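Student: Pasting a structure below so you can have a look.
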Amino acid sequence: MTLFDPGLQPERTELAWRRTALALGAGSLVALRLLPVAFGHPAWAFGGLAGLMLAAMLWISSRRRYRGVNLVLTSDGDRGMLPGASMIAILAVIAFAIGLVSLAVVIVTALRSV
Amino acid sequence: MSGRGRFPASVYGQGTEPDARFTLANERTFLAWIRTALALLAGGVALELLGLELHPGLRLAASLVLVIAGILTPVLAWFGWGRAERAMRLAQPLPSSPLGAVLGVAVSLAGVLLLLAILLR
C-alpha cells in the first residue's frame, strides 16, 4: 500500500477510529459486567452486548475507511475527495444514545436506593 | 468526481476540498471528543452504580453533571466538526467551540460536588 503522507495522517486517523472503538468496547465490557448484577436481571446484558457489537463494527469500518482514504489520496493527491461524514454522524448518534441510556441508568439507580 | 453527493450537503455542498490533512485532523478531533464523552458517561454511571459511601444527594448531583456533559458532548462535537469542515472548505477562520468550556465547567463542578459529597458524608 502506497504511503501518501510522511506525517502519517491517514494512518493516525485510522488509529484514532480504533482507539474510539476500543473505548466503546471497554465501556461495553464494564456495562456487561455491572448492569445485569445491579438490576438483577440478565436482560440487562443486552446493553453491553450491543455496545460490543458496535465496537467491533467500528473497528472493522476503521480499516475500510483508511483504505478508501489512502486510495483517494494516492491517486488524486492532497485535494482528493475524502469520504463523507456518514460514519461520523452515526458515531455521534451512537454516543448520544449511550448517553441517554446512561442517564436512565443513573436515575433508576438513584430512585431505587431512595 | 461529480454527482457524488456526500453527507451532509450543508458541509460538502459549498466551497472546495481543503488539504486532506486538515480534514483528517478535524476527524481525529471529533473522535477525541467522542472518547471524552464516553469517559464522562462512564464516570457518571460508575459514581451512582458502585454505591460509594458518599452523601447521596451530592453524589447524584455530581453523577448527573458528568452524564449530562457526556450527552451534550457528541452533539456539540458533530456540529463543531461540521462548522470546522465548512470553514476549511470556504477558506474562512475556524469557528470557536463551546466544547472546551462545557468540559471544563462540568468536570470542575462535578469535582466540587464530589468533594462536598466526601466531606458531608
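Ligands are numbered from 1 in the order shown, residues from 1 within each chain, and chains are lettered A, B, ... in the order they appear in the C-alpha cells.
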Could the residues of chain B within 8 Å of chain A, counting only C-alpha atoms, be given as a PyMOL selection string, please?

Tutor: chain B and resi 6-8+17-21+24-25+27-28+31-32+34-35+37-38+41-42+44-45+48-49+60+63-64+67-68+70-72+74-75+77-78

Student: Hey, what does DSSP flag as alpha helix (DSSP H) within region 7-95 of chain A? Can you give it to me as a ChimeraX atom specification?

Tutor: /A:9-39,45-76,86-95

Student: One number please: CA of Leu99 (chain B) to CA of Gly80 (chain B), in Å, one decimal.

Tutor: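 That distance, rounded to one decimal, is 8.4 Å.
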
Student: To one decimal place in Å, what is the distance between CA of Ser96 (chain B) and CA of Trp81 (chain B)?

Tutor: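 So the two atoms, CA of Ser96 (chain B) and CA of Trp81 (chain B), lie 11.0 Å apart.
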
Student: Near Gly25 (chain A), within 10 Å and counting only C-alpha atoms, which residues show up once chain neighbours fewer than 4 positions away are dropped, as a compact mmCIF listing (two decimals) with N, CA, C and O atoms, in the first residue's frame?

Tutor:
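The file below, part.txt, is the result:
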```txt
# COMPACT_ATOMS: atom_id res chain seq x y z
N ARG A 19 -8.97 3.59 18.45
CA ARG A 19 -8.98 3.95 19.87
C ARG A 19 -10.42 4.16 20.34
O ARG A 19 -10.78 3.76 21.45
N THR A 20 -11.21 4.80 19.49
CA THR A 20 -12.60 5.07 19.84
C THR A 20 -13.37 3.76 19.96
O THR A 20 -14.16 3.57 20.89
N ALA A 21 -13.10 2.83 19.04
CA ALA A 21 -13.75 1.51 19.11
C ALA A 21 -13.35 0.80 20.39
O ALA A 21 -14.17 0.16 21.05
N LEU A 29 -17.83 -3.74 27.99
CA LEU A 29 -17.49 -4.87 28.85
C LEU A 29 -17.86 -4.56 30.31
O LEU A 29 -18.40 -5.41 31.02
N VAL A 30 -17.56 -3.34 30.74
CA VAL A 30 -17.91 -2.95 32.10
C VAL A 30 -19.42 -2.96 32.29
O VAL A 30 -19.94 -3.46 33.30
N ALA A 31 -20.14 -2.43 31.30
CA ALA A 31 -21.60 -2.43 31.38
C ALA A 31 -22.13 -3.87 31.42
O ALA A 31 -23.06 -4.19 32.17
N GLY A 48 -24.60 -4.10 27.16
CA GLY A 48 -23.17 -4.37 26.99
C GLY A 48 -22.88 -5.12 25.71
O GLY A 48 -21.90 -4.84 25.01
N LEU A 49 -23.74 -6.09 25.38
CA LEU A 49 -23.52 -6.87 24.16
C LEU A 49 -23.70 -6.01 22.91
O LEU A 49 -22.92 -6.11 21.96
N ALA A 50 -24.72 -5.16 22.93
CA ALA A 50 -24.92 -4.27 21.79
C ALA A 50 -23.71 -3.36 21.62
O ALA A 50 -23.24 -3.12 20.51
N GLY A 51 -23.21 -2.85 22.74
CA GLY A 51 -22.03 -1.99 22.68
C GLY A 51 -20.82 -2.71 22.10
O GLY A 51 -20.07 -2.13 21.31
N LEU A 52 -20.65 -3.97 22.50
CA LEU A 52 -19.52 -4.74 21.97
C LEU A 52 -19.65 -4.94 20.46
O LEU A 52 -18.67 -4.84 19.72
N MET A 53 -20.88 -5.20 20.03
CA MET A 53 -21.12 -5.37 18.59
C MET A 53 -20.78 -4.09 17.84
O MET A 53 -20.14 -4.11 16.79
N LEU A 54 -21.25 -2.96 18.36
CA LEU A 54 -20.98 -1.67 17.72
C LEU A 54 -19.49 -1.41 17.69
O LEU A 54 -18.96 -0.91 16.70
N ALA A 55 -18.80 -1.73 18.79
CA ALA A 55 -17.35 -1.52 18.85
C ALA A 55 -16.66 -2.35 17.77
O ALA A 55 -15.73 -1.88 17.10
N ALA A 56 -17.11 -3.59 17.59
CA ALA A 56 -16.49 -4.45 16.58
C ALA A 56 -16.74 -3.88 15.19
O ALA A 56 -15.84 -3.86 14.34
N LEU A 58 -17.27 -0.81 14.41
CA LEU A 58 -16.48 0.41 14.29
C LEU A 58 -15.03 0.05 13.95
O LEU A 58 -14.39 0.69 13.10
N TRP A 59 -14.53 -0.97 14.61
CA TRP A 59 -13.15 -1.42 14.37
C TRP A 59 -12.95 -1.83 12.92
O TRP A 59 -11.99 -1.44 12.26
```
